[in-house]
Every structure is written in C-alpha cells, then in structure tokens.
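Next comes work_5.cif, a file with mmCIF, N, CA and C atoms and all ligand atoms.
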data_entry
loop_
_atom_site.label_atom_id
_atom_site.label_comp_id
_atom_site.auth_asym_id
_atom_site.auth_seq_id
_atom_site.Cartn_x
_atom_site.Cartn_y
_atom_site.Cartn_z
N MET U 1 57.50 153.08 70.01
CA MET U 1 56.16 153.66 70.02
C MET U 1 55.68 153.86 68.58
N LYS U 2 54.43 153.44 68.36
CA LYS U 2 53.84 153.59 67.03
C LYS U 2 52.99 154.85 66.96
N LYS U 3 53.15 155.60 65.87
CA LYS U 3 52.33 156.79 65.64
C LYS U 3 51.32 156.42 64.56
N ILE U 4 50.05 156.45 64.91
CA ILE U 4 49.00 155.99 64.00
C ILE U 4 48.06 157.15 63.67
N LYS U 5 47.85 157.33 62.35
CA LYS U 5 46.93 158.39 61.92
C LYS U 5 45.49 157.94 62.16
N VAL U 6 44.68 158.77 62.81
CA VAL U 6 43.28 158.43 63.08
C VAL U 6 42.38 159.61 62.75
N LYS U 7 41.09 159.30 62.60
CA LYS U 7 40.08 160.34 62.44
C LYS U 7 39.30 160.44 63.74
N VAL U 8 39.05 161.68 64.16
CA VAL U 8 38.30 161.89 65.41
C VAL U 8 37.11 162.81 65.17
N PHE U 9 36.18 162.77 66.11
CA PHE U 9 34.98 163.60 66.09
C PHE U 9 35.25 164.86 66.90
N ASN U 10 35.40 165.99 66.19
CA ASN U 10 35.60 167.27 66.87
C ASN U 10 34.25 167.99 66.95
N VAL U 11 33.66 167.99 68.13
CA VAL U 11 32.33 168.56 68.36
C VAL U 11 32.28 170.04 67.98
N TYR U 12 33.42 170.74 68.09
CA TYR U 12 33.45 172.19 67.87
C TYR U 12 33.80 172.59 66.45
N LYS U 13 34.06 171.60 65.58
CA LYS U 13 34.59 171.93 64.26
C LYS U 13 33.57 172.60 63.34
N SER U 14 32.29 172.29 63.52
CA SER U 14 31.25 172.85 62.65
C SER U 14 30.24 173.64 63.48
N ASP U 15 29.53 174.54 62.78
CA ASP U 15 28.46 175.29 63.46
C ASP U 15 27.10 174.64 63.26
N ASN U 16 27.11 173.43 62.72
CA ASN U 16 25.85 172.73 62.44
C ASN U 16 25.20 172.23 63.74
N ASP U 17 24.56 173.16 64.43
CA ASP U 17 23.92 172.81 65.71
C ASP U 17 22.82 171.79 65.54
N GLU U 18 22.16 171.85 64.36
CA GLU U 18 21.04 170.94 64.09
C GLU U 18 21.47 169.49 64.23
N PHE U 19 22.64 169.17 63.65
CA PHE U 19 23.13 167.80 63.75
C PHE U 19 23.36 167.43 65.21
N LEU U 20 24.07 168.31 65.94
CA LEU U 20 24.39 168.01 67.34
C LEU U 20 23.13 167.86 68.18
N ASP U 21 22.13 168.72 67.89
CA ASP U 21 20.88 168.66 68.66
C ASP U 21 20.07 167.41 68.34
N ASN U 22 20.26 166.86 67.13
CA ASN U 22 19.44 165.73 66.72
C ASN U 22 20.06 164.35 67.00
N ILE U 23 21.28 164.32 67.48
CA ILE U 23 21.85 163.01 67.81
C ILE U 23 21.09 162.49 69.00
N ASN U 24 20.59 161.27 68.87
CA ASN U 24 19.82 160.71 69.98
C ASN U 24 20.73 159.89 70.89
N LEU U 25 21.14 160.50 71.99
CA LEU U 25 22.09 159.85 72.89
C LEU U 25 21.49 159.55 74.24
N GLY U 26 20.18 159.75 74.38
CA GLY U 26 19.56 159.54 75.69
C GLY U 26 20.12 160.55 76.67
N TRP U 27 20.54 160.08 77.81
CA TRP U 27 21.04 160.97 78.87
C TRP U 27 22.47 161.43 78.59
N ARG U 28 23.12 160.83 77.59
CA ARG U 28 24.52 161.15 77.37
C ARG U 28 24.69 162.51 76.71
N ASP U 29 25.75 163.15 77.01
CA ASP U 29 26.06 164.45 76.44
C ASP U 29 26.91 164.27 75.19
N LYS U 30 26.56 165.02 74.12
CA LYS U 30 27.34 164.92 72.87
C LYS U 30 28.82 165.25 73.13
N PHE U 31 29.07 166.10 74.12
CA PHE U 31 30.45 166.48 74.41
C PHE U 31 31.27 165.33 74.98
N ASP U 32 30.57 164.28 75.45
CA ASP U 32 31.28 163.06 75.89
C ASP U 32 32.01 162.40 74.73
N PHE U 33 31.59 162.70 73.51
CA PHE U 33 32.18 162.07 72.33
C PHE U 33 33.28 162.92 71.69
N HIS U 34 33.50 164.09 72.24
CA HIS U 34 34.48 165.01 71.65
C HIS U 34 35.86 164.36 71.56
N MET U 35 36.42 164.38 70.35
CA MET U 35 37.75 163.84 70.05
C MET U 35 37.83 162.31 70.18
N HIS U 36 36.67 161.65 70.19
CA HIS U 36 36.69 160.18 70.16
C HIS U 36 37.11 159.72 68.77
N ILE U 37 37.79 158.60 68.74
CA ILE U 37 38.25 158.05 67.47
C ILE U 37 37.07 157.47 66.68
N ILE U 38 37.03 157.79 65.40
CA ILE U 38 35.97 157.31 64.51
C ILE U 38 36.39 155.95 63.94
N ASP U 39 35.48 154.98 64.00
CA ASP U 39 35.84 153.63 63.52
C ASP U 39 35.82 153.56 61.99
N LYS U 40 36.14 152.39 61.43
CA LYS U 40 36.29 152.25 59.98
C LYS U 40 34.99 152.50 59.23
N ASP U 41 33.85 152.36 59.93
CA ASP U 41 32.55 152.61 59.31
C ASP U 41 32.08 154.06 59.48
N GLY U 42 32.91 154.87 60.11
CA GLY U 42 32.57 156.28 60.28
C GLY U 42 31.78 156.60 61.54
N TYR U 43 31.77 155.67 62.49
CA TYR U 43 31.01 155.84 63.73
C TYR U 43 31.92 156.16 64.92
N VAL U 44 31.35 156.91 65.86
CA VAL U 44 32.00 157.04 67.18
C VAL U 44 31.11 156.32 68.18
N TRP U 45 31.76 155.75 69.19
CA TRP U 45 31.04 154.96 70.18
C TRP U 45 31.43 155.40 71.58
N ASN U 46 30.44 155.34 72.44
CA ASN U 46 30.68 155.54 73.86
C ASN U 46 29.97 154.41 74.56
N GLU U 47 30.71 153.42 75.03
CA GLU U 47 30.13 152.18 75.53
C GLU U 47 29.21 151.59 74.46
N GLU U 48 27.89 151.57 74.66
CA GLU U 48 27.02 150.89 73.71
C GLU U 48 26.37 151.82 72.67
N VAL U 49 26.50 153.13 72.86
CA VAL U 49 25.83 154.07 71.95
C VAL U 49 26.81 154.62 70.92
N GLY U 50 26.38 154.64 69.66
CA GLY U 50 27.24 155.20 68.62
C GLY U 50 26.42 155.91 67.57
N PHE U 51 27.08 156.72 66.78
CA PHE U 51 26.41 157.38 65.67
C PHE U 51 27.44 157.72 64.60
N LYS U 52 26.92 157.92 63.38
CA LYS U 52 27.79 158.25 62.25
C LYS U 52 28.14 159.74 62.30
N VAL U 53 29.41 160.03 62.09
CA VAL U 53 29.89 161.41 62.18
C VAL U 53 29.91 162.04 60.79
N PRO U 54 29.23 163.20 60.60
CA PRO U 54 29.29 163.89 59.31
C PRO U 54 30.71 164.38 59.03
N ASP U 55 31.04 164.48 57.74
CA ASP U 55 32.40 164.88 57.34
C ASP U 55 32.85 166.19 57.98
N GLU U 56 31.91 167.12 58.11
CA GLU U 56 32.28 168.45 58.62
C GLU U 56 32.80 168.44 60.06
N TYR U 57 32.65 167.31 60.75
CA TYR U 57 33.15 167.20 62.13
C TYR U 57 34.40 166.34 62.25
N ILE U 58 34.82 165.79 61.08
CA ILE U 58 35.95 164.86 61.14
C ILE U 58 37.28 165.61 61.09
N GLU U 59 38.16 165.24 61.98
CA GLU U 59 39.48 165.84 62.04
C GLU U 59 40.51 164.71 62.05
N GLU U 60 41.61 164.93 61.34
CA GLU U 60 42.66 163.91 61.37
C GLU U 60 43.68 164.26 62.42
N THR U 61 44.09 163.24 63.16
CA THR U 61 45.11 163.46 64.17
C THR U 61 45.91 162.15 64.33
N TYR U 62 46.72 162.09 65.35
CA TYR U 62 47.52 160.89 65.58
C TYR U 62 47.26 160.33 66.96
N LYS U 63 47.32 159.01 67.05
CA LYS U 63 47.34 158.40 68.37
C LYS U 63 48.64 157.63 68.49
N TYR U 64 49.06 157.40 69.71
CA TYR U 64 50.33 156.73 69.95
C TYR U 64 50.08 155.42 70.66
N GLU U 65 50.72 154.38 70.17
CA GLU U 65 50.57 153.06 70.77
C GLU U 65 51.93 152.53 71.18
N LEU U 66 52.00 152.01 72.39
CA LEU U 66 53.28 151.47 72.88
C LEU U 66 53.47 150.05 72.38
N GLU U 67 54.72 149.70 72.14
CA GLU U 67 55.08 148.32 71.84
C GLU U 67 54.91 147.54 73.14
N PRO U 68 54.68 146.20 73.05
CA PRO U 68 54.48 145.39 74.27
C PRO U 68 55.56 145.60 75.33
N LYS U 69 56.81 145.68 74.90
CA LYS U 69 57.92 145.87 75.84
C LYS U 69 57.82 147.24 76.54
N GLU U 70 57.45 148.27 75.76
CA GLU U 70 57.28 149.61 76.32
C GLU U 70 56.11 149.65 77.29
N LYS U 71 55.05 148.91 76.92
CA LYS U 71 53.86 148.84 77.78
C LYS U 71 54.22 148.24 79.14
N ALA U 72 54.99 147.13 79.11
CA ALA U 72 55.40 146.45 80.34
C ALA U 72 56.28 147.38 81.18
N ASN U 73 57.18 148.09 80.51
CA ASN U 73 58.07 149.03 81.17
C ASN U 73 57.28 150.14 81.88
N LEU U 74 56.30 150.68 81.17
CA LEU U 74 55.46 151.73 81.74
C LEU U 74 54.68 151.20 82.94
N HIS U 75 54.16 149.98 82.80
CA HIS U 75 53.40 149.35 83.87
C HIS U 75 54.25 149.23 85.14
N THR U 76 55.50 148.78 84.97
CA THR U 76 56.42 148.65 86.10
C THR U 76 56.65 150.01 86.76
N LYS U 77 56.87 151.02 85.94
CA LYS U 77 57.10 152.37 86.48
C LYS U 77 55.88 152.89 87.23
N LYS U 78 54.69 152.57 86.72
CA LYS U 78 53.46 152.99 87.42
C LYS U 78 53.36 152.34 88.79
N ILE U 79 53.72 151.06 88.86
CA ILE U 79 53.68 150.35 90.14
C ILE U 79 54.67 150.98 91.12
N ILE U 80 55.88 151.26 90.63
CA ILE U 80 56.90 151.89 91.48
C ILE U 80 56.40 153.25 91.97
N PHE U 81 55.80 154.01 91.06
CA PHE U 81 55.28 155.33 91.42
C PHE U 81 54.19 155.21 92.48
N GLU U 82 53.29 154.23 92.31
CA GLU U 82 52.21 154.04 93.29
C GLU U 82 52.75 153.67 94.65
N LEU U 83 53.78 152.81 94.67
CA LEU U 83 54.40 152.42 95.94
C LEU U 83 55.05 153.64 96.61
N ALA U 84 55.75 154.44 95.80
CA ALA U 84 56.40 155.64 96.32
C ALA U 84 55.36 156.60 96.90
N GLU U 85 54.25 156.75 96.19
CA GLU U 85 53.18 157.63 96.64
C GLU U 85 52.60 157.13 97.96
N GLN U 86 52.43 155.81 98.06
CA GLN U 86 51.92 155.19 99.28
C GLN U 86 52.88 155.44 100.45
N LYS U 87 54.19 155.26 100.18
CA LYS U 87 55.21 155.51 101.21
C LYS U 87 55.18 156.97 101.65
N LEU U 88 55.01 157.86 100.69
CA LEU U 88 54.97 159.28 100.99
C LEU U 88 53.77 159.61 101.88
N ASN U 89 52.61 159.02 101.57
CA ASN U 89 51.42 159.24 102.39
C ASN U 89 51.62 158.71 103.80
N GLU U 90 52.24 157.53 103.90
CA GLU U 90 52.51 156.95 105.22
C GLU U 90 53.46 157.85 106.00
N ALA U 91 54.49 158.36 105.32
CA ALA U 91 55.46 159.24 105.97
C ALA U 91 54.78 160.51 106.48
N GLU U 92 53.86 161.03 105.67
CA GLU U 92 53.14 162.25 106.05
C GLU U 92 52.26 161.97 107.28
N GLN U 93 51.62 160.79 107.25
CA GLN U 93 50.79 160.38 108.39
C GLN U 93 51.65 160.24 109.65
N ASP U 94 52.81 159.59 109.50
CA ASP U 94 53.73 159.42 110.64
C ASP U 94 54.18 160.78 111.16
N TYR U 95 54.48 161.69 110.26
CA TYR U 95 54.92 163.04 110.60
C TYR U 95 53.86 163.72 111.46
N HIS U 96 52.59 163.66 111.01
CA HIS U 96 51.52 164.28 111.77
C HIS U 96 51.29 163.58 113.10
N ASN U 97 51.33 162.24 113.07
CA ASN U 97 51.13 161.49 114.32
C ASN U 97 52.21 161.83 115.34
N PHE U 98 53.43 162.00 114.85
CA PHE U 98 54.54 162.36 115.73
C PHE U 98 54.22 163.65 116.49
N PHE U 99 53.74 164.66 115.76
CA PHE U 99 53.44 165.94 116.40
C PHE U 99 52.23 165.85 117.33
N VAL U 100 51.23 165.07 116.92
CA VAL U 100 50.07 164.90 117.79
C VAL U 100 50.51 164.25 119.10
N ASP U 101 51.37 163.23 119.01
CA ASP U 101 51.91 162.58 120.22
C ASP U 101 52.71 163.58 121.06
N LEU U 102 53.55 164.33 120.36
CA LEU U 102 54.39 165.31 121.06
C LEU U 102 53.53 166.33 121.82
N PHE U 103 52.53 166.86 121.15
CA PHE U 103 51.68 167.86 121.81
C PHE U 103 50.79 167.23 122.88
N SER U 104 50.48 165.95 122.70
CA SER U 104 49.75 165.24 123.76
C SER U 104 50.56 165.22 125.04
N LYS U 105 51.89 165.01 124.90
CA LYS U 105 52.78 164.99 126.07
C LYS U 105 52.89 166.38 126.68
N ILE U 106 53.10 167.39 125.81
CA ILE U 106 53.22 168.77 126.30
C ILE U 106 51.93 169.20 126.99
N ASP U 107 50.81 168.87 126.37
CA ASP U 107 49.50 169.29 126.87
C ASP U 107 49.02 168.37 128.00
N ASN U 108 49.75 167.27 128.19
CA ASN U 108 49.39 166.28 129.21
C ASN U 108 47.96 165.76 129.02
N SER U 109 47.58 165.53 127.79
CA SER U 109 46.26 164.94 127.55
C SER U 109 46.35 163.82 126.52
N GLU U 110 45.42 162.89 126.64
CA GLU U 110 45.46 161.67 125.84
C GLU U 110 44.66 161.79 124.54
N ASP U 111 43.74 162.73 124.52
CA ASP U 111 42.71 162.69 123.47
C ASP U 111 42.94 163.67 122.33
N LEU U 112 44.16 164.12 122.13
CA LEU U 112 44.41 165.04 121.02
C LEU U 112 44.31 164.30 119.69
N PHE U 113 43.80 165.02 118.69
CA PHE U 113 43.79 164.44 117.34
C PHE U 113 43.99 165.53 116.31
N LEU U 114 44.47 165.12 115.16
CA LEU U 114 44.72 166.04 114.06
C LEU U 114 43.42 166.33 113.33
N SER U 115 43.14 167.61 113.14
CA SER U 115 41.93 168.02 112.40
C SER U 115 42.28 168.23 110.93
N GLU U 116 41.25 168.18 110.10
CA GLU U 116 41.43 168.46 108.66
C GLU U 116 41.61 169.95 108.39
N TRP U 117 41.23 170.81 109.35
CA TRP U 117 41.29 172.25 109.15
C TRP U 117 42.72 172.77 109.16
N SER U 118 43.01 173.68 108.23
CA SER U 118 44.32 174.31 108.29
C SER U 118 44.27 175.39 109.36
N CYS U 119 45.42 175.63 109.99
CA CYS U 119 45.48 176.50 111.16
C CYS U 119 46.77 177.31 111.14
N GLU U 120 46.62 178.63 111.07
CA GLU U 120 47.79 179.51 111.01
C GLU U 120 48.56 179.53 112.33
N LEU U 121 47.89 179.20 113.41
CA LEU U 121 48.55 179.25 114.72
C LEU U 121 49.18 177.92 115.13
N SER U 122 48.94 176.89 114.30
CA SER U 122 49.48 175.56 114.62
C SER U 122 50.87 175.40 113.98
N PRO U 123 51.83 174.89 114.72
CA PRO U 123 53.16 174.70 114.14
C PRO U 123 53.20 173.69 112.99
N ILE U 124 52.20 172.82 112.88
CA ILE U 124 52.20 171.87 111.75
C ILE U 124 51.19 172.25 110.67
N GLY U 125 50.53 173.39 110.84
CA GLY U 125 49.67 173.89 109.77
C GLY U 125 48.23 173.42 109.82
N ASN U 126 47.93 172.44 110.69
CA ASN U 126 46.55 171.99 110.88
C ASN U 126 46.17 172.13 112.35
N CYS U 127 44.89 172.29 112.58
CA CYS U 127 44.42 172.31 113.97
C CYS U 127 44.70 170.96 114.63
N ILE U 128 45.09 171.02 115.88
CA ILE U 128 45.16 169.82 116.71
C ILE U 128 44.12 170.03 117.81
N CYS U 129 43.16 169.13 117.84
CA CYS U 129 41.97 169.36 118.68
C CYS U 129 41.93 168.44 119.88
N LYS U 130 41.21 168.90 120.90
CA LYS U 130 40.89 168.04 122.05
C LYS U 130 39.53 168.43 122.60
N TRP U 131 38.96 167.53 123.36
CA TRP U 131 37.63 167.73 123.93
C TRP U 131 37.75 168.69 125.11
N ASP U 132 36.99 169.80 125.06
CA ASP U 132 37.08 170.78 126.14
C ASP U 132 35.87 170.74 127.06
N GLY U 133 35.08 169.68 126.95
CA GLY U 133 33.88 169.57 127.79
C GLY U 133 32.61 169.84 126.99
N ASN U 134 32.74 170.67 125.94
CA ASN U 134 31.58 170.98 125.09
C ASN U 134 31.83 170.58 123.63
N ASP U 135 33.04 170.86 123.18
CA ASP U 135 33.38 170.65 121.78
C ASP U 135 34.81 170.13 121.69
N ASN U 136 35.15 169.58 120.51
CA ASN U 136 36.55 169.36 120.19
C ASN U 136 37.08 170.67 119.65
N THR U 137 38.01 171.28 120.35
CA THR U 137 38.55 172.57 119.89
C THR U 137 40.06 172.49 119.74
N CYS U 138 40.58 173.37 118.89
CA CYS U 138 42.01 173.41 118.59
C CYS U 138 42.79 173.97 119.77
N ILE U 139 43.88 173.30 120.14
CA ILE U 139 44.68 173.78 121.28
C ILE U 139 45.49 175.04 120.91
N PHE U 140 45.55 175.37 119.62
CA PHE U 140 46.31 176.56 119.20
C PHE U 140 45.40 177.75 118.93
N CYS U 141 44.36 177.56 118.10
CA CYS U 141 43.51 178.69 117.71
C CYS U 141 42.19 178.74 118.47
N GLY U 142 41.83 177.62 119.11
CA GLY U 142 40.58 177.59 119.90
C GLY U 142 39.32 177.36 119.08
N GLU U 143 39.48 177.24 117.77
CA GLU U 143 38.29 177.00 116.94
C GLU U 143 37.81 175.56 117.09
N PRO U 144 36.47 175.38 117.04
CA PRO U 144 35.93 174.01 117.14
C PRO U 144 36.23 173.19 115.86
N ASP U 145 36.35 171.88 116.03
CA ASP U 145 36.59 171.01 114.87
C ASP U 145 35.36 170.96 113.97
N GLU U 146 34.16 171.06 114.58
CA GLU U 146 32.91 171.11 113.82
C GLU U 146 32.66 172.56 113.44
N ARG U 147 32.89 172.90 112.17
CA ARG U 147 32.65 174.28 111.73
C ARG U 147 31.62 174.30 110.63
N LYS U 148 30.81 175.37 110.66
CA LYS U 148 29.77 175.47 109.62
C LYS U 148 30.25 176.33 108.48
ZN ZN I 201 43.61 175.70 114.99
#

I'd like the structure from this file rewritten - as structure tokens, please.
Amino acid sequence: MKKIKVKVFNVYKSDNDEFLDNINLGWRDKFDFHMHIIDKDGYVWNEEVGFKVPDEYIEETYKYELEPKEKANLHTKKIIFELAEQKLNEAEQDYHNFFVDLFSKIDNSEDLFLSEWSCELSPIGNCICKWDGNDNTCIFCGEPDERK
C-alpha cells in the first residue's frame, strides 16, 4: 500500500464565509467538496464543476493507494463477501418461509404471508398475516397489515 501526501479542501478550516458564499456552484452544495483532493493547479472538482481553493482552506493529509495485487485481492474478498451476504439473505428468507409454512399448517390456511411489521406476540418477531374477510390481519396480534 502506498501512502501519498495530498492537499485537500477543508470547508471548515477558515471563517471566510464570503469566499464560500461566492463560489458559483449552481445547485451544488459547497459541502459536497469538503475534503476533496486539490489538483496540481490548486483546483477541486466535482464531476464537471471546479474552483480554485484559497490557501486558508488547504489542509495536508494522506491518501492510500493499493498496489495492483492488493487491489485484485480486495476485489476477490468483496465478491466473496457479497456472495456470503446473498447466502445469508436467502437463509433468512428460507427461515421466515419455513415458519410461514408451519403456521399455515397449524392454522389450516393457505394464504398466510410474512408482514414487514415487527410483532411482539409473534414467535418469529414479525406479523404473519391472513385475509380475515375485511383485511389482512396478523394471526398473533390481530393488527392489520395496512397500518397508518
Ligand atoms: Zn402481529
């Protein structure tokens, strides 16, 4: 890993409000540029808009750059992490579906579904709802799935 000294734009470093108020950024907020790296000409850029940063706002700091091999390694780990996260979500879905199926059998009804609402009376922590003729209501707490 390379440690590189850089200059950044610290929006809070000076009390010169006049400068900050006079930067013409259109709809963009000056705070969008906070801690952005200043280029060799003394400018900070956000997509296509840039401006020169006065010395009183310049702060020196470091940025870190990975070597190509480290970059590839990190990329692989990110992919593994994403797959693990996906598996975890699927497992959680299976877990909930298992209970919905189980309670469908106990309740002898076909139309049970898991609600997004948390439920203190539900053994799985969320409402499990079914159509009661008027509303989808929770079989544990009786609250409707449509809540205002
Ligand atoms: Zn409930």

Subject >> Shell of 12 Å around U:Ser14, only C-alpha atoms, local chain residues under 2 positions omitted, as a VMD selection string >> reply: chain U and resid 9 to 12 16 to 20 53 to 59

Can you write out the residues you just picked, keeping N, CA and C atoms, as a short mmCIF file (atom, residue, chain, number, x, y, z; two decimals), keeping the file's coordinate frame?
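New file out.cif:
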data_model
loop_
_atom_site.label_atom_id
_atom_site.label_comp_id
_atom_site.auth_asym_id
_atom_site.auth_seq_id
_atom_site.Cartn_x
_atom_site.Cartn_y
_atom_site.Cartn_z
N PHE U 9 36.18 162.77 66.11
CA PHE U 9 34.98 163.60 66.09
C PHE U 9 35.25 164.86 66.90
N ASN U 10 35.40 165.99 66.19
CA ASN U 10 35.60 167.27 66.87
C ASN U 10 34.25 167.99 66.95
N VAL U 11 33.66 167.99 68.13
CA VAL U 11 32.33 168.56 68.36
C VAL U 11 32.28 170.04 67.98
N TYR U 12 33.42 170.74 68.09
CA TYR U 12 33.45 172.19 67.87
C TYR U 12 33.80 172.59 66.45
N ASN U 16 27.11 173.43 62.72
CA ASN U 16 25.85 172.73 62.44
C ASN U 16 25.20 172.23 63.74
N ASP U 17 24.56 173.16 64.43
CA ASP U 17 23.92 172.81 65.71
C ASP U 17 22.82 171.79 65.54
N GLU U 18 22.16 171.85 64.36
CA GLU U 18 21.04 170.94 64.09
C GLU U 18 21.47 169.49 64.23
N PHE U 19 22.64 169.17 63.65
CA PHE U 19 23.13 167.80 63.75
C PHE U 19 23.36 167.43 65.21
N LEU U 20 24.07 168.31 65.94
CA LEU U 20 24.39 168.01 67.34
C LEU U 20 23.13 167.86 68.18
N VAL U 53 29.41 160.03 62.09
CA VAL U 53 29.89 161.41 62.18
C VAL U 53 29.91 162.04 60.79
N PRO U 54 29.23 163.20 60.60
CA PRO U 54 29.29 163.89 59.31
C PRO U 54 30.71 164.38 59.03
N ASP U 55 31.04 164.48 57.74
CA ASP U 55 32.40 164.88 57.34
C ASP U 55 32.85 166.19 57.98
N GLU U 56 31.91 167.12 58.11
CA GLU U 56 32.28 168.45 58.62
C GLU U 56 32.80 168.44 60.06
N TYR U 57 32.65 167.31 60.75
CA TYR U 57 33.15 167.20 62.13
C TYR U 57 34.40 166.34 62.25
N ILE U 58 34.82 165.79 61.08
CA ILE U 58 35.95 164.86 61.14
C ILE U 58 37.28 165.61 61.09
N GLU U 59 38.16 165.24 61.98
CA GLU U 59 39.48 165.84 62.04
C GLU U 59 40.51 164.71 62.05
#

Original post:
So which one's closest to U:Asn22, U:Phe51, U:Lys40, U:Tyr62, U:Phe98? Using only C-alpha atoms, please.
Top reply: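 The shortest atom-to-atom distance to U:Asn22 comes from U:Phe51.
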
Find the nearest atom pair between each residue of chain U and ligand ZN 201 (chain I) for residues within 7 Å, count all atoms listed in the file, give distances in Å to one decimal, sort rows by chain and ascending number, and present the table as a Markdown table.
| residue | atom | partner | partner_atom | distance |
| --- | --- | --- | --- | --- |
| U:Trp117 | C | I:ZN201 | ZN | 6.6 |
| U:Ser118 | C | I:ZN201 | ZN | 5.7 |
| U:Cys119 | CA | I:ZN201 | ZN | 4.3 |
| U:Glu120 | N | I:ZN201 | ZN | 5.7 |
| U:Leu121 | N | I:ZN201 | ZN | 5.8 |
| U:Ser122 | N | I:ZN201 | ZN | 5.5 |
| U:Asn126 | C | I:ZN201 | ZN | 5.1 |
| U:Cys127 | CA | I:ZN201 | ZN | 3.6 |
| U:Ile128 | N | I:ZN201 | ZN | 5.0 |
| U:Thr137 | C | I:ZN201 | ZN | 6.7 |
| U:Cys138 | CA | I:ZN201 | ZN | 4.6 |
| U:Ile139 | N | I:ZN201 | ZN | 5.7 |
| U:Phe140 | C | I:ZN201 | ZN | 4.8 |
| U:Cys141 | N | I:ZN201 | ZN | 3.7 |
| U:Gly142 | N | I:ZN201 | ZN | 4.9 |
| U:Glu143 | N | I:ZN201 | ZN | 5.2 |

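Pairwise distance (atom C of U:Ser109, atom C of U:Lys87) equals 27.3 Å.
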
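Note that the spacing between atom N of U:Tyr64 and atom CA of U:Lys3 amounts to 5.3 Å.
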
**OP:** Name the residues of chain U that come out as alpha helix (DSSP H) in a backbone DSSP run; write them as JSON, numbers by chain.
**Re:** {"U": [17, 18, 19, 20, 21, 22, 68, 69, 70, 71, 72, 73, 74, 75, 76, 77, 78, 79, 80, 81, 82, 83, 84, 85, 86, 87, 88, 89, 90, 91, 92, 93, 94, 95, 96, 97, 98, 99, 100, 101, 102, 103, 104, 105, 106, 107]}

**OP:** Can you work out the spacing between atom N of U:Ser115 and atom N of U:Gln86 in Å, to one decimal?
**Re:**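 Those two atoms sit 21.3 Å apart.
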
**OP:** May I have the protein, DNA and RNA residues with any atom at most 6 Å from the point (32.8, 168.1, 118.3), counting only N, CA and C atoms, written as a ChimeraX atom specification?
**Re:** /U:134-136,145-146

For stretch 55-73 of chain U, I'd like the enclosing box, axis-aligned and padded by 3 Å on every side, reported as JSON with centre and edge lengths in Å to one decimal.
{"center_x": 44.6, "center_y": 156.9, "center_z": 69.6, "size_x": 33.0, "size_y": 29.1, "size_z": 30.5}

Identify, with DSSP run on backbone atoms, the residues in stretch 20-87 of chain U assigned to strand (DSSP E), and express the list as a PDB file with N, CA and C atoms, in the frame of the given file.
ATOM      1  N   HIS U  36      36.670 161.650  70.190  1.00  0.00           N
ATOM      2  CA  HIS U  36      36.690 160.180  70.160  1.00  0.00           C
ATOM      3  C   HIS U  36      37.110 159.720  68.770  1.00  0.00           C
ATOM      4  N   ILE U  37      37.790 158.600  68.740  1.00  0.00           N
ATOM      5  CA  ILE U  37      38.250 158.050  67.470  1.00  0.00           C
ATOM      6  C   ILE U  37      37.070 157.470  66.680  1.00  0.00           C
ATOM      7  N   TYR U  43      31.770 155.670  62.490  1.00  0.00           N
ATOM      8  CA  TYR U  43      31.010 155.840  63.730  1.00  0.00           C
ATOM      9  C   TYR U  43      31.920 156.160  64.920  1.00  0.00           C
ATOM     10  N   VAL U  44      31.350 156.910  65.860  1.00  0.00           N
ATOM     11  CA  VAL U  44      32.000 157.040  67.180  1.00  0.00           C
ATOM     12  C   VAL U  44      31.110 156.320  68.180  1.00  0.00           C
ATOM     13  N   TRP U  45      31.760 155.750  69.190  1.00  0.00           N
ATOM     14  CA  TRP U  45      31.040 154.960  70.180  1.00  0.00           C
ATOM     15  C   TRP U  45      31.430 155.400  71.580  1.00  0.00           C
ATOM     16  N   ASN U  46      30.440 155.340  72.440  1.00  0.00           N
ATOM     17  CA  ASN U  46      30.680 155.540  73.860  1.00  0.00           C
ATOM     18  C   ASN U  46      29.970 154.410  74.560  1.00  0.00           C
ATOM     19  N   VAL U  49      26.500 153.130  72.860  1.00  0.00           N
ATOM     20  CA  VAL U  49      25.830 154.070  71.950  1.00  0.00           C
ATOM     21  C   VAL U  49      26.810 154.620  70.920  1.00  0.00           C
ATOM     22  N   GLY U  50      26.380 154.640  69.660  1.00  0.00           N
ATOM     23  CA  GLY U  50      27.240 155.200  68.620  1.00  0.00           C
ATOM     24  C   GLY U  50      26.420 155.910  67.570  1.00  0.00           C
ATOM     25  N   PHE U  51      27.080 156.720  66.780  1.00  0.00           N
ATOM     26  CA  PHE U  51      26.410 157.380  65.670  1.00  0.00           C
ATOM     27  C   PHE U  51      27.440 157.720  64.600  1.00  0.00           C
ATOM     28  N   LYS U  52      26.920 157.920  63.380  1.00  0.00           N
ATOM     29  CA  LYS U  52      27.790 158.250  62.250  1.00  0.00           C
ATOM     30  C   LYS U  52      28.140 159.740  62.300  1.00  0.00           C
ATOM     31  N   ILE U  58      34.820 165.790  61.080  1.00  0.00           N
ATOM     32  CA  ILE U  58      35.950 164.860  61.140  1.00  0.00           C
ATOM     33  C   ILE U  58      37.280 165.610  61.090  1.00  0.00           C
ATOM     34  N   GLU U  59      38.160 165.240  61.980  1.00  0.00           N
ATOM     35  CA  GLU U  59      39.480 165.840  62.040  1.00  0.00           C
ATOM     36  C   GLU U  59      40.510 164.710  62.050  1.00  0.00           C
ATOM     37  N   GLU U  60      41.610 164.930  61.340  1.00  0.00           N
ATOM     38  CA  GLU U  60      42.660 163.910  61.370  1.00  0.00           C
ATOM     39  C   GLU U  60      43.680 164.260  62.420  1.00  0.00           C
ATOM     40  N   THR U  61      44.090 163.240  63.160  1.00  0.00           N
ATOM     41  CA  THR U  61      45.110 163.460  64.170  1.00  0.00           C
ATOM     42  C   THR U  61      45.910 162.150  64.330  1.00  0.00           C
ATOM     43  N   TYR U  62      46.720 162.090  65.350  1.00  0.00           N
ATOM     44  CA  TYR U  62      47.520 160.890  65.580  1.00  0.00           C
ATOM     45  C   TYR U  62      47.260 160.330  66.960  1.00  0.00           C
ATOM     46  N   LYS U  63      47.320 159.010  67.050  1.00  0.00           N
ATOM     47  CA  LYS U  63      47.340 158.400  68.370  1.00  0.00           C
ATOM     48  C   LYS U  63      48.640 157.630  68.490  1.00  0.00           C
ATOM     49  N   TYR U  64      49.060 157.400  69.710  1.00  0.00           N
ATOM     50  CA  TYR U  64      50.330 156.730  69.950  1.00  0.00           C
ATOM     51  C   TYR U  64      50.080 155.420  70.660  1.00  0.00           C
ATOM     52  N   GLU U  65      50.720 154.380  70.170  1.00  0.00           N
ATOM     53  CA  GLU U  65      50.570 153.060  70.770  1.00  0.00           C
ATOM     54  C   GLU U  65      51.930 152.530  71.180  1.00  0.00           C
TER      55      GLU U  65
END
